[in-house]
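One file, start-v2.csv, carrying CSV, C-alpha atoms:
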chain,number,residue,atom,x,y,z
A,1,MET,CA,-14.2,5.8,21.3
A,2,ARG,CA,-11.4,4.0,23.1
A,3,VAL,CA,-8.2,3.7,21.0
A,4,ALA,CA,-5.9,0.9,21.8
A,5,VAL,CA,-2.3,0.6,20.5
A,6,PRO,CA,-0.8,-2.8,21.3
A,7,PHE,CA,3.0,-2.9,21.6
A,8,ASP,CA,5.3,-5.8,22.0
A,9,ALA,CA,8.0,-4.4,24.2
A,10,GLU,CA,10.2,-7.5,24.2
A,11,ALA,CA,10.9,-8.9,20.8
A,12,PRO,CA,10.5,-6.0,18.4
A,13,LYS,CA,11.3,-5.9,14.7
A,14,THR,CA,13.6,-8.9,14.3
A,15,ARG,CA,13.2,-8.8,10.5
A,16,LEU,CA,15.0,-5.4,10.4
A,17,SER,CA,18.2,-7.1,11.5
A,18,PRO,CA,19.9,-6.7,8.1
A,19,VAL,CA,19.9,-3.0,8.7
A,20,LEU,CA,19.6,-2.3,12.5
A,21,GLU,CA,21.3,-3.8,15.5
A,22,GLU,CA,19.2,-5.3,18.3
A,23,ALA,CA,19.3,-2.2,20.5
A,24,GLU,CA,18.6,0.0,17.5
A,25,ARG,CA,15.6,-2.1,16.6
A,26,ALA,CA,14.2,-1.7,20.1
A,27,ALA,CA,14.8,2.0,19.9
A,28,PHE,CA,13.2,2.3,16.5
A,29,ALA,CA,10.1,0.4,17.5
A,30,ARG,CA,9.6,3.0,20.2
A,31,VAL,CA,10.2,5.8,17.7
A,32,LEU,CA,7.4,4.3,15.5
A,33,LEU,CA,5.2,3.9,18.5
A,34,ARG,CA,5.6,7.5,19.5
A,35,ASP,CA,4.9,8.7,15.9
A,36,VAL,CA,1.7,6.7,15.9
A,37,LEU,CA,0.7,8.1,19.3
A,38,ALA,CA,1.4,11.7,18.2
A,39,THR,CA,-0.6,11.1,15.0
A,40,LEU,CA,-3.6,9.8,17.0
A,41,ARG,CA,-3.3,12.8,19.4
A,42,ALA,CA,-3.2,15.2,16.5
A,43,THR,CA,-6.7,13.9,15.6
A,44,GLY,CA,-7.9,14.6,19.2
A,45,ARG,CA,-7.9,11.0,20.3
A,46,GLU,CA,-6.4,9.7,23.6
A,47,PRO,CA,-4.7,6.4,22.8
A,48,THR,CA,-3.9,3.8,25.4
A,49,VAL,CA,-0.8,1.7,24.9
A,50,TYR,CA,-1.1,-2.0,25.8
A,51,ALA,CA,2.5,-3.0,26.3
A,52,THR,CA,3.8,-6.5,27.1
A,53,ALA,CA,6.2,-4.9,29.6
A,54,ALA,CA,6.7,-1.5,31.3
A,55,LEU,CA,7.9,1.2,28.9
A,56,GLY,CA,9.4,3.8,31.4
A,57,ASP,CA,8.5,7.4,30.9
A,58,ASP,CA,9.1,7.7,27.2
A,59,VAL,CA,5.7,7.6,25.6
A,60,ASP,CA,3.0,10.3,25.8
A,61,ALA,CA,0.0,8.1,26.5
A,62,ALA,CA,-1.6,6.0,29.2
A,63,VAL,CA,0.2,2.6,29.3
A,64,GLU,CA,-1.3,-0.6,30.5
A,65,VAL,CA,1.1,-3.5,31.0
A,66,ASP,CA,-0.5,-6.7,29.8
A,67,ASP,CA,1.4,-9.7,28.7
A,68,SER,CA,-1.6,-11.4,27.0
A,69,ALA,CA,-1.2,-12.4,23.4
A,70,LEU,CA,-2.8,-10.0,20.9
A,71,ASP,CA,-6.0,-11.8,20.3
A,72,PRO,CA,-7.1,-12.3,23.9
A,73,LEU,CA,-6.0,-8.8,24.7
A,74,VAL,CA,-8.1,-7.2,22.0
A,75,ASN,CA,-11.1,-9.5,22.4
A,76,GLY,CA,-11.1,-8.7,26.1
A,77,LEU,CA,-11.2,-5.0,25.3
A,78,LEU,CA,-13.9,-5.5,22.6
A,79,ALA,CA,-16.1,-7.1,25.3
A,80,GLU,CA,-16.2,-3.7,27.0
A,81,GLY,CA,-17.7,-1.8,24.0
A,82,PRO,CA,-16.7,0.0,20.8
A,83,LEU,CA,-13.0,0.2,20.2
A,84,ALA,CA,-10.4,1.2,17.7
A,85,VAL,CA,-7.1,-0.7,17.4
A,86,VAL,CA,-4.1,0.8,15.7
A,87,MET,CA,-0.9,-1.0,15.3
A,88,ALA,CA,2.2,0.6,16.7
A,89,ASP,CA,4.4,0.3,13.6
A,90,LEU,CA,2.5,2.3,11.0
A,91,GLY,CA,5.5,4.3,10.0
A,92,VAL,CA,3.8,6.6,7.4
A,93,VAL,CA,0.5,7.1,9.0
A,94,THR,CA,-0.9,10.7,9.1
A,95,PRO,CA,-3.8,12.4,10.9
A,96,GLY,CA,-5.7,12.4,7.6
A,97,ALA,CA,-5.4,8.6,7.2
A,98,VAL,CA,-6.5,8.1,10.8
A,99,GLU,CA,-9.6,10.3,10.2
A,100,ARG,CA,-10.6,8.2,7.3
A,101,LEU,CA,-10.6,5.2,9.6
A,102,PHE,CA,-12.7,6.9,12.2
A,103,GLU,CA,-15.1,8.5,9.8
A,104,ALA,CA,-15.8,5.3,7.8
A,105,GLU,CA,-19.2,3.8,8.4
A,106,GLY,CA,-20.0,0.2,9.2
A,107,ASP,CA,-20.2,-2.1,12.2
A,108,VAL,CA,-16.6,-3.1,11.5
A,109,VAL,CA,-14.0,-0.9,9.7
A,110,LEU,CA,-10.8,-2.7,8.5
A,111,ALA,CA,-7.6,-1.1,7.3
A,112,PRO,CA,-5.9,-3.8,5.3
A,113,GLY,CA,-2.1,-4.2,5.7
A,114,ARG,CA,0.2,-5.4,2.9
A,115,GLY,CA,0.2,-9.2,2.7
A,116,GLY,CA,-3.2,-9.9,4.2
A,117,GLY,CA,-2.7,-8.2,7.6
A,118,THR,CA,-5.1,-5.9,9.5
A,119,ASN,CA,-3.2,-2.8,10.4
A,120,ALA,CA,-6.1,-0.9,12.1
A,121,LEU,CA,-9.7,-1.7,12.8
A,122,LEU,CA,-12.6,0.0,14.4
A,123,VAL,CA,-15.4,-2.1,15.9
A,124,ARG,CA,-18.9,-0.7,16.8
A,125,ASP,CA,-20.6,-4.0,17.5
A,126,ASP,CA,-19.8,-6.5,20.2
A,127,ALA,CA,-20.6,-9.5,18.1
A,128,PHE,CA,-17.1,-9.1,16.5
A,129,ARG,CA,-13.9,-10.7,17.7
A,130,VAL,CA,-10.4,-10.6,16.3
A,131,ASP,CA,-8.1,-13.3,15.0
A,132,PHE,CA,-4.7,-11.8,14.1
A,133,HIS,CA,-3.0,-15.1,13.1
A,134,GLY,CA,-2.4,-16.0,9.5
A,135,VAL,CA,-4.2,-13.9,6.8
A,136,SER,CA,-6.1,-11.8,9.4
A,137,LEU,CA,-7.9,-9.6,6.9
A,138,ARG,CA,-9.6,-12.6,5.3
A,139,ASP,CA,-10.4,-14.0,8.8
A,140,HIS,CA,-11.8,-10.6,9.9
A,141,ARG,CA,-14.0,-10.4,6.8
A,142,GLU,CA,-15.3,-13.9,7.6
A,143,ILE,CA,-15.9,-13.4,11.3
A,144,ALA,CA,-17.9,-10.2,10.5
A,145,GLY,CA,-19.8,-12.0,7.7
A,146,GLU,CA,-20.8,-14.9,10.0
A,147,ALA,CA,-22.1,-12.4,12.6
A,148,GLY,CA,-24.1,-10.5,9.9
A,149,LEU,CA,-22.1,-7.3,10.4
A,150,ASP,CA,-21.4,-4.6,7.8
A,151,VAL,CA,-17.8,-4.3,7.0
A,152,THR,CA,-16.1,-1.3,5.4
A,153,GLU,CA,-12.4,-1.3,4.3
A,154,VAL,CA,-10.4,1.8,4.2
A,155,ASP,CA,-8.3,2.2,1.0
A,156,SER,CA,-5.1,3.8,2.4
A,157,MET,CA,-1.5,3.2,1.5
A,158,ARG,CA,-0.6,4.9,4.8
A,159,LEU,CA,-2.6,2.6,6.9
A,160,SER,CA,-1.6,-0.4,4.8
A,161,THR,CA,2.1,0.1,5.5
A,162,ASP,CA,3.5,-1.5,8.6
A,163,VAL,CA,7.2,-1.6,9.2
A,164,ASP,CA,8.6,-5.1,9.4
A,165,GLU,CA,11.3,-5.5,6.7
A,166,PRO,CA,14.1,-3.3,5.3
A,167,ALA,CA,12.0,-2.6,2.2
A,168,ASP,CA,9.4,-1.0,4.4
A,169,LEU,CA,12.0,1.6,5.5
A,170,VAL,CA,11.9,2.9,1.9
A,171,GLU,CA,8.3,3.9,2.6
A,172,VAL,CA,9.2,5.5,5.9
A,173,LEU,CA,12.0,7.5,4.3
A,174,LEU,CA,9.8,8.6,1.3
A,175,HIS,CA,6.5,9.2,3.1
A,176,GLY,CA,7.0,9.3,6.8
A,177,GLU,CA,5.9,12.6,8.5
A,178,GLY,CA,6.9,11.8,12.1
A,179,ARG,CA,10.3,11.4,13.7
A,180,ALA,CA,11.0,8.0,12.2
A,181,PRO,CA,12.5,9.2,8.8
A,182,GLU,CA,14.8,11.6,10.6
A,183,TRP,CA,15.9,8.9,13.1
A,184,LEU,CA,16.8,6.6,10.1
A,185,ARG,CA,18.7,9.3,8.3
A,186,GLU,CA,20.7,10.2,11.4
A,187,ARG,CA,21.9,6.6,11.4
A,188,GLY,CA,23.0,6.8,7.7
A,189,ILE,CA,20.1,4.8,6.3
A,190,ARG,CA,19.1,6.0,2.8
A,191,VAL,CA,17.0,5.0,-0.1
A,192,ALA,CA,19.2,3.1,-2.6
A,193,VAL,CA,18.2,1.8,-6.0
A,194,GLU,CA,19.4,-1.7,-6.9
A,195,ASP,CA,18.4,-3.4,-10.2
A,196,GLY,CA,15.7,-0.8,-10.6
A,197,ARG,CA,14.2,-1.6,-7.2
A,198,ALA,CA,14.2,0.8,-4.3
A,199,SER,CA,15.8,-0.6,-1.1
A,200,VAL,CA,17.8,0.9,1.7
A,201,ALA,CA,21.5,1.1,2.3
A,202,ARG,CA,23.4,2.2,5.4
A,203,GLU,CA,26.5,4.4,5.1
B,204,MET,CA,-9.0,14.6,-19.9
B,205,ARG,CA,-7.0,12.1,-22.0
B,206,VAL,CA,-6.1,8.9,-20.2
B,207,ALA,CA,-3.0,6.9,-21.3
B,208,VAL,CA,-2.3,3.4,-20.2
B,209,PRO,CA,1.3,2.4,-21.3
B,210,PHE,CA,1.8,-1.3,-21.9
B,211,ASP,CA,5.0,-3.2,-22.6
B,212,ALA,CA,3.8,-6.0,-24.9
B,213,GLU,CA,7.1,-7.7,-25.2
B,214,ALA,CA,8.8,-8.4,-21.9
B,215,PRO,CA,6.1,-8.5,-19.3
B,216,LYS,CA,6.3,-9.5,-15.7
B,217,THR,CA,9.6,-11.4,-15.6
B,218,ARG,CA,9.7,-11.3,-11.8
B,219,LEU,CA,6.6,-13.5,-11.7
B,220,SER,CA,8.6,-16.4,-13.1
B,221,PRO,CA,8.7,-18.3,-9.8
B,222,VAL,CA,4.9,-18.8,-10.2
B,223,LEU,CA,4.0,-18.3,-13.8
B,224,GLU,CA,5.5,-19.7,-17.1
B,225,GLU,CA,6.5,-17.2,-19.8
B,226,ALA,CA,3.3,-17.6,-21.8
B,227,GLU,CA,1.2,-17.4,-18.7
B,228,ARG,CA,3.0,-14.2,-17.7
B,229,ALA,CA,2.2,-12.6,-21.0
B,230,ALA,CA,-1.4,-13.7,-20.7
B,231,PHE,CA,-1.7,-12.5,-17.1
B,232,ALA,CA,-0.2,-9.1,-18.1
B,233,ARG,CA,-3.1,-8.7,-20.6
B,234,VAL,CA,-5.7,-9.8,-17.9
B,235,LEU,CA,-4.4,-7.0,-15.7
B,236,LEU,CA,-4.5,-4.6,-18.6
B,237,ARG,CA,-8.0,-5.5,-19.4
B,238,ASP,CA,-9.0,-5.1,-15.7
B,239,VAL,CA,-7.4,-1.6,-15.6
B,240,LEU,CA,-9.2,-0.6,-18.8
B,241,ALA,CA,-12.6,-1.9,-17.5
B,242,THR,CA,-12.1,0.0,-14.3
B,243,LEU,CA,-11.3,3.3,-16.1
B,244,ARG,CA,-14.3,2.7,-18.4
B,245,ALA,CA,-16.5,2.2,-15.3
B,246,THR,CA,-15.7,5.8,-14.3
B,247,GLY,CA,-16.8,7.1,-17.7
B,248,ARG,CA,-13.2,7.5,-19.1
B,249,GLU,CA,-12.0,6.4,-22.5
B,250,PRO,CA,-8.5,5.2,-22.1
B,251,THR,CA,-5.9,4.8,-24.8
B,252,VAL,CA,-3.4,2.0,-24.6
B,253,TYR,CA,0.1,2.9,-25.8
B,254,ALA,CA,1.6,-0.5,-26.5
B,255,THR,CA,5.1,-1.4,-27.6
B,256,ALA,CA,3.7,-3.8,-30.2
B,257,ALA,CA,0.3,-4.6,-31.7
B,258,LEU,CA,-2.1,-6.3,-29.3
B,259,GLY,CA,-4.6,-8.0,-31.7
B,260,ASP,CA,-8.2,-7.6,-30.9
B,261,ASP,CA,-8.3,-8.5,-27.2
B,262,VAL,CA,-8.5,-5.1,-25.5
B,263,ASP,CA,-11.5,-2.9,-25.3
B,264,ALA,CA,-9.7,0.5,-25.9
B,265,ALA,CA,-8.0,2.5,-28.6
B,266,VAL,CA,-4.5,1.1,-29.1
B,267,GLU,CA,-1.6,3.1,-30.4
B,268,VAL,CA,1.5,1.1,-31.2
B,269,ASP,CA,4.6,3.1,-30.1
B,270,ASP,CA,7.9,1.5,-29.2
B,271,SER,CA,9.3,4.6,-27.5
B,272,ALA,CA,10.6,4.2,-24.0
B,273,LEU,CA,8.1,5.3,-21.2
B,274,ASP,CA,9.6,8.7,-20.5
B,275,PRO,CA,9.7,10.0,-24.1
B,276,LEU,CA,6.3,8.5,-24.7
B,277,VAL,CA,4.6,10.2,-21.8
B,278,ASN,CA,6.5,13.5,-22.2
B,279,GLY,CA,5.4,13.6,-25.8
B,280,LEU,CA,1.8,13.2,-24.7
B,281,LEU,CA,2.2,15.8,-22.0
B,282,ALA,CA,3.3,18.4,-24.6
B,283,GLU,CA,-0.2,18.1,-26.1
B,284,GLY,CA,-2.0,19.1,-22.9
B,285,PRO,CA,-3.5,17.7,-19.6
B,286,LEU,CA,-3.1,14.0,-19.3
B,287,ALA,CA,-3.7,11.2,-16.8
B,288,VAL,CA,-1.4,8.2,-16.9
B,289,VAL,CA,-2.4,4.9,-15.3
B,290,MET,CA,-0.1,1.9,-15.2
B,291,ALA,CA,-1.4,-1.3,-16.8
B,292,ASP,CA,-0.6,-3.6,-13.8
B,293,LEU,CA,-2.6,-2.1,-11.0
B,294,GLY,CA,-4.2,-5.4,-10.1
B,295,VAL,CA,-6.5,-4.2,-7.3
B,296,VAL,CA,-7.6,-0.8,-8.6
B,297,THR,CA,-11.3,0.1,-8.4
B,298,PRO,CA,-13.5,2.8,-9.9
B,299,GLY,CA,-13.5,4.5,-6.4
B,300,ALA,CA,-9.7,4.7,-6.3
B,301,VAL,CA,-9.6,6.0,-9.9
B,302,GLU,CA,-12.1,8.7,-9.0
B,303,ARG,CA,-9.9,9.8,-6.1
B,304,LEU,CA,-7.1,10.3,-8.6
B,305,PHE,CA,-9.2,12.4,-11.0
B,306,GLU,CA,-11.0,14.4,-8.2
B,307,ALA,CA,-7.8,15.4,-6.5
B,308,GLU,CA,-6.8,19.0,-6.9
B,309,GLY,CA,-3.3,20.3,-7.9
B,310,ASP,CA,-1.3,20.9,-11.0
B,311,VAL,CA,0.2,17.5,-10.6
B,312,VAL,CA,-1.5,14.5,-8.8
B,313,LEU,CA,0.7,11.6,-7.9
B,314,ALA,CA,-0.4,8.1,-6.8
B,315,PRO,CA,2.7,6.6,-5.1
B,316,GLY,CA,3.5,3.0,-5.7
B,317,ARG,CA,5.2,0.7,-3.2
B,318,GLY,CA,9.0,1.2,-3.3
B,319,GLY,CA,9.1,4.7,-4.5
B,320,GLY,CA,7.3,4.2,-7.8
B,321,THR,CA,4.6,6.3,-9.4
B,322,ASN,CA,1.7,4.1,-10.4
B,323,ALA,CA,-0.6,6.8,-11.7
B,324,LEU,CA,-0.4,10.5,-12.3
B,325,LEU,CA,-2.5,13.3,-13.5
B,326,VAL,CA,-1.0,16.5,-15.0
B,327,ARG,CA,-2.8,19.7,-15.5
B,328,ASP,CA,0.2,22.0,-16.3
B,329,ASP,CA,2.6,21.6,-19.2
B,330,ALA,CA,5.6,22.6,-17.2
B,331,PHE,CA,5.8,19.1,-15.8
B,332,ARG,CA,7.7,16.2,-17.3
B,333,VAL,CA,8.1,12.6,-16.1
B,334,ASP,CA,11.1,10.6,-15.2
B,335,PHE,CA,10.2,7.0,-14.4
B,336,HIS,CA,13.7,5.8,-13.7
B,337,GLY,CA,14.9,5.0,-10.2
B,338,VAL,CA,12.8,6.4,-7.3
B,339,SER,CA,10.3,8.1,-9.6
B,340,LEU,CA,8.0,9.4,-6.9
B,341,ARG,CA,10.9,11.5,-5.4
B,342,ASP,CA,11.9,12.7,-8.9
B,343,HIS,CA,8.4,13.7,-9.7
B,344,ARG,CA,8.1,15.7,-6.5
B,345,GLU,CA,11.4,17.4,-7.4
B,346,ILE,CA,10.5,18.1,-11.0
B,347,ALA,CA,7.1,19.6,-9.9
B,348,GLY,CA,8.8,21.6,-7.1
B,349,GLU,CA,11.4,23.1,-9.5
B,350,ALA,CA,8.6,24.2,-11.8
B,351,GLY,CA,6.7,25.8,-8.9
B,352,LEU,CA,3.7,23.4,-9.3
B,353,ASP,CA,1.3,22.3,-6.7
B,354,VAL,CA,1.5,18.6,-6.0
B,355,THR,CA,-1.2,16.4,-4.4
B,356,GLU,CA,-0.6,12.7,-3.5
B,357,VAL,CA,-3.4,10.3,-3.4
B,358,ASP,CA,-3.3,7.9,-0.3
B,359,SER,CA,-4.6,4.7,-1.8
B,360,MET,CA,-3.5,1.2,-1.2
B,361,ARG,CA,-5.3,0.2,-4.4
B,362,LEU,CA,-3.4,2.7,-6.5
B,363,SER,CA,-0.1,1.9,-4.7
B,364,THR,CA,-0.2,-1.8,-5.6
B,365,ASP,CA,1.4,-2.8,-8.9
B,366,VAL,CA,1.9,-6.4,-9.7
B,367,ASP,CA,5.6,-7.3,-10.2
B,368,GLU,CA,6.4,-10.1,-7.8
B,369,PRO,CA,4.7,-13.2,-6.4
B,370,ALA,CA,4.0,-11.4,-3.1
B,371,ASP,CA,1.9,-8.9,-5.1
B,372,LEU,CA,-0.4,-11.8,-6.2
B,373,VAL,CA,-1.5,-12.0,-2.5
B,374,GLU,CA,-3.0,-8.6,-2.9
B,375,VAL,CA,-4.7,-9.5,-6.2
B,376,LEU,CA,-6.2,-12.6,-4.6
B,377,LEU,CA,-7.4,-10.8,-1.5
B,378,HIS,CA,-8.4,-7.4,-3.0
B,379,GLY,CA,-8.8,-7.7,-6.7
B,380,GLU,CA,-12.3,-7.0,-8.1
B,381,GLY,CA,-11.6,-7.7,-11.8
B,382,ARG,CA,-10.9,-10.9,-13.7
B,383,ALA,CA,-7.3,-11.3,-12.4
B,384,PRO,CA,-8.1,-13.1,-9.1
B,385,GLU,CA,-10.3,-15.6,-10.8
B,386,TRP,CA,-7.6,-16.1,-13.5
B,387,LEU,CA,-5.1,-16.9,-10.8
B,388,ARG,CA,-7.4,-19.3,-9.0
B,389,GLU,CA,-8.2,-21.2,-12.2
B,390,ARG,CA,-4.5,-21.9,-12.4
B,391,GLY,CA,-4.3,-23.2,-8.8
B,392,ILE,CA,-2.7,-20.1,-7.3
B,393,ARG,CA,-3.7,-19.6,-3.7
B,394,VAL,CA,-2.7,-17.5,-0.7
B,395,ALA,CA,-0.4,-19.5,1.5
B,396,VAL,CA,1.0,-18.6,4.9
B,397,GLU,CA,4.6,-19.4,5.5
B,398,ASP,CA,6.4,-18.4,8.7
B,399,GLY,CA,3.5,-16.1,9.5
B,400,ARG,CA,3.8,-14.2,6.2
B,401,ALA,CA,1.3,-14.4,3.4
B,402,SER,CA,2.7,-15.6,0.1
B,403,VAL,CA,1.3,-17.6,-2.8
B,404,ALA,CA,1.5,-21.3,-3.7
B,405,ARG,CA,0.5,-23.2,-6.8
B,406,GLU,CA,-1.3,-26.5,-6.6
Could you render the structure from this file as structure tokens?
Amino acid sequence: MRVAVPFDAEAPKTRLSPVLEEAERAAFARVLLRDVLATLRATGREPTVYATAALGDDVDAAVEVDDSALDPLVNGLLAEGPLAVVMADLGVVTPGAVERLFEAEGDVVLAPGRGGGTNALLVRDDAFRVDFHGVSLRDHREIAGEAGLDVTEVDSMRLSTDVDEPADLVEVLLHGEGRAPEWLRERGIRVAVEDGRASVARE
Amino acid sequence: MRVAVPFDAEAPKTRLSPVLEEAERAAFARVLLRDVLATLRATGREPTVYATAALGDDVDAAVEVDDSALDPLVNGLLAEGPLAVVMADLGVVTPGAVERLFEAEGDVVLAPGRGGGTNALLVRDDAFRVDFHGVSLRDHREIAGEAGLDVTEVDSMRLSTDVDEPADLVEVLLHGEGRAPEWLRERGIRVAVEDGRASVARE
């Protein structure tokens, strides 16, 4: 099955600005992308990155430059047959979690993200289309239901964690198994407890 | 195996105050507790609630009133043999997720919560003790490691989601399979999208 990893090369990770400078955010987005690609490769898959701009030589995958928005990009790919889509910022994903996505049965397999997102999906029926705006998980359930398709949801914390905000870095530091946690630690970013809640601080 | 569900009957869910009044928060905490108990019962387990104060007749489980803090309470129970502990506010937990906890191998099985918490654990070796302060997941890994115990972590979004803040209600509304999502909807609480992020609003 084809595996697509969409990547926004131009405006990455603005909500991490309390902790990372602009150039760091761009670099960190690529660290996360490389971790996701390595995880997919570790399961024997050959991902293709669909990037909004050229990436240079620093990712170990086929790269297609396509500045389409996410929905038309993915829907165009879906028209060509079965497809898995994995977001580029799943900072704690592991080969085991990826295998659960690929092994799940159903016409459509959804990996819910925190806050109603869809962090990964696998589509085996061409009647499905994506809509990543708003509460995409709910929309994807509805689209599949209207098309009479069987939907399976994968219950994985690792797939549900995308990295958008400083609090998400806690998850990367505690659970990440790629290069991302080390990258953060090298920049002095640590888990810190404030009012009983875990957050991050930078030394 | 004994299954303990600790419950703070006196100061529940303060961080939900932007959405729920004090009496509603107390009521909602009991709705969540009852959902967790029903989920455990659906897997054939007989949970015991350890409550800081008497609960009246409204829960379907044995209730022990014990005003100890969480750590001494659980460590006292651990001294008596193998034990599972499941938090009372896991608002999207299902029988399938609970089964994954019980079926996991290891001397100690940890279900990580968002933000470094430990939302459920299962202990088969009396060398382990708990420490729920701070980043408890990290502490529990260390305590197990120092005792030479095998640790397994369960990768479950449903176990990782405890309900503390308004954003967590999004998860309950989208994924909850007990009474809690209906209880919220009856009070006009809905998923709302703001700046592209899912949150809740009250009508």
Near region 89-104 of chain A, within 6 Å and counting all atoms listed in the file, which residues show up once chain neighbours fewer than 2 positions away are dropped, as a PyMOL selection string? chain A and resi 32+39+43+87+158-159+161-163+172+175-176
Spatial sel., origin (-1.1, -1.4, -32.0), limit 6 Å, all atoms listed in the file, listed as a PyMOL selection string: chain B and resi 256-258+266-268
Go through chain B residue by residue and, counting all atoms listed in the file, keep those with an atom at most 6 Å from chain A; for each kept residue give the shortest atom pair and its distance in Å to one decimal, ordered by chain and increasing number, as a Markdown table.
| residue | atom | partner | partner_atom | distance |
| --- | --- | --- | --- | --- |
| B:Gly318 | CA | A:Ala198 | CA | 5.3 |
| B:Gly337 | CA | A:Gly196 | CA | 5.9 |
| B:Asp358 | CA | A:Ser156 | CA | 5.2 |
| B:Ser359 | CA | A:Ser156 | CA | 4.3 |
| B:Met360 | CA | A:Met157 | CA | 3.9 |
| B:Gly399 | CA | A:Gly134 | CA | 5.9 |
| B:Ala401 | CA | A:Gly115 | CA | 5.4 |
Name the residues in contact with region 150-153 of chain A at a cut-off of 7 Å, using only C-alpha atoms, excluding same-chain residues fewer than 3 positions from it; report them as a VMD selection string. chain A and resid 105 to 111 144
Go through A:Val85, A:Glu10, A:Glu21, A:Arg187 and flag the residue nearest Ala120 (chain A), using all atoms listed in the file for the distances. A:Val85
Quick one, how far is CA of Arg129 (chain A) from CA of Ile143 (chain A)?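 CA of Arg129 (chain A) sits 7.2 Å away from CA of Ile143 (chain A).
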Neighbour list for Ala61 (chain A) as a compact mmCIF listing (two decimals) with C-alpha atoms, in the coordinates of the input, cut-off 12 Å, only C-alpha atoms, skip fewer than 5 positions in-chain:
# COMPACT_ATOMS: atom_id res chain seq x y z
CA VAL A 3 -8.20 3.70 21.00
CA ALA A 4 -5.90 0.90 21.80
CA VAL A 5 -2.30 0.60 20.50
CA LEU A 33 5.20 3.90 18.50
CA ARG A 34 5.60 7.50 19.50
CA ASP A 35 4.90 8.70 15.90
CA VAL A 36 1.70 6.70 15.90
CA LEU A 37 0.70 8.10 19.30
CA ALA A 38 1.40 11.70 18.20
CA THR A 39 -0.60 11.10 15.00
CA LEU A 40 -3.60 9.80 17.00
CA ARG A 41 -3.30 12.80 19.40
CA ARG A 45 -7.90 11.00 20.30
CA GLU A 46 -6.40 9.70 23.60
CA PRO A 47 -4.70 6.40 22.80
CA THR A 48 -3.90 3.80 25.40
CA VAL A 49 -0.80 1.70 24.90
CA TYR A 50 -1.10 -2.00 25.80
CA ALA A 51 2.50 -3.00 26.30
CA LEU A 55 7.90 1.20 28.90
CA GLY A 56 9.40 3.80 31.40
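Interatomic distance, CA of Pro6 (chain A) against CA of Leu70 (chain A): 7.5 Å.
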Separation of CA of Ala229 (chain B) from CA of His343 (chain B), in Å and rounded to one decimal: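 Taking CA of Ala229 (chain B) and CA of His343 (chain B), their separation equals 29.3 Å.
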Residue nearest Leu280 (chain B) among B:Leu325, B:Ala265, B:Val234, B:Ala226 (counting only C-alpha atoms):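 The answer is B:Leu325, which sits nearest to Leu280 (chain B).
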I need the residue nearest Leu16 (chain A) from this list: A:Gly178, A:Gly188, A:Pro166, A:Gly76. Use only C-alpha atoms for the distance.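 Of A:Gly178, A:Gly188, A:Pro166, A:Gly76, the one nearest Leu16 (chain A) is A:Pro166, counting only C-alpha atoms.
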Find, counting all atoms listed in the file, the residue in B:Ala282, B:Ala212, B:Leu276, B:Ala291 that gets nearest to Thr255 (chain B). B:Ala212
Generate the coordinates of N, CA, C and O atoms for region 11-18 of chain A; report them as an mmCIF file, keeping the file's coordinate frame.
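Resulting contents of part_35.cif:
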data_model
loop_
_atom_site.group_PDB
_atom_site.id
_atom_site.type_symbol
_atom_site.label_atom_id
_atom_site.label_comp_id
_atom_site.auth_asym_id
_atom_site.auth_seq_id
_atom_site.Cartn_x
_atom_site.Cartn_y
_atom_site.Cartn_z
ATOM 1 N N ALA A 11 10.212 -8.274 21.906
ATOM 2 C CA ALA A 11 10.900 -8.900 20.800
ATOM 3 C C ALA A 11 10.597 -8.096 19.494
ATOM 4 O O ALA A 11 10.035 -8.604 18.549
ATOM 5 N N PRO A 12 10.964 -6.839 19.490
ATOM 6 C CA PRO A 12 10.500 -6.000 18.400
ATOM 7 C C PRO A 12 11.357 -6.113 17.130
ATOM 8 O O PRO A 12 12.573 -6.075 17.213
ATOM 9 N N LYS A 13 10.705 -6.267 16.006
ATOM 10 C CA LYS A 13 11.300 -5.900 14.700
ATOM 11 C C LYS A 13 12.506 -6.732 14.302
ATOM 12 O O LYS A 13 13.473 -6.217 13.734
ATOM 13 N N THR A 14 12.452 -8.026 14.582
ATOM 14 C CA THR A 14 13.600 -8.900 14.300
ATOM 15 C C THR A 14 13.931 -8.884 12.775
ATOM 16 O O THR A 14 15.108 -8.977 12.410
ATOM 17 N N ARG A 15 12.930 -8.735 11.918
ATOM 18 C CA ARG A 15 13.200 -8.800 10.500
ATOM 19 C C ARG A 15 13.938 -7.574 9.949
ATOM 20 O O ARG A 15 14.342 -7.552 8.793
ATOM 21 N N LEU A 16 14.128 -6.585 10.814
ATOM 22 C CA LEU A 16 15.000 -5.400 10.400
ATOM 23 C C LEU A 16 16.444 -5.678 10.689
ATOM 24 O O LEU A 16 17.267 -4.775 10.475
ATOM 25 N N SER A 17 16.803 -6.899 11.127
ATOM 26 C CA SER A 17 18.200 -7.100 11.500
ATOM 27 C C SER A 17 19.218 -6.939 10.411
ATOM 28 O O SER A 17 20.374 -6.639 10.714
ATOM 29 N N PRO A 18 18.882 -7.072 9.110
ATOM 30 C CA PRO A 18 19.900 -6.700 8.100
ATOM 31 C C PRO A 18 20.363 -5.282 8.142
ATOM 32 O O PRO A 18 21.415 -4.956 7.609
#
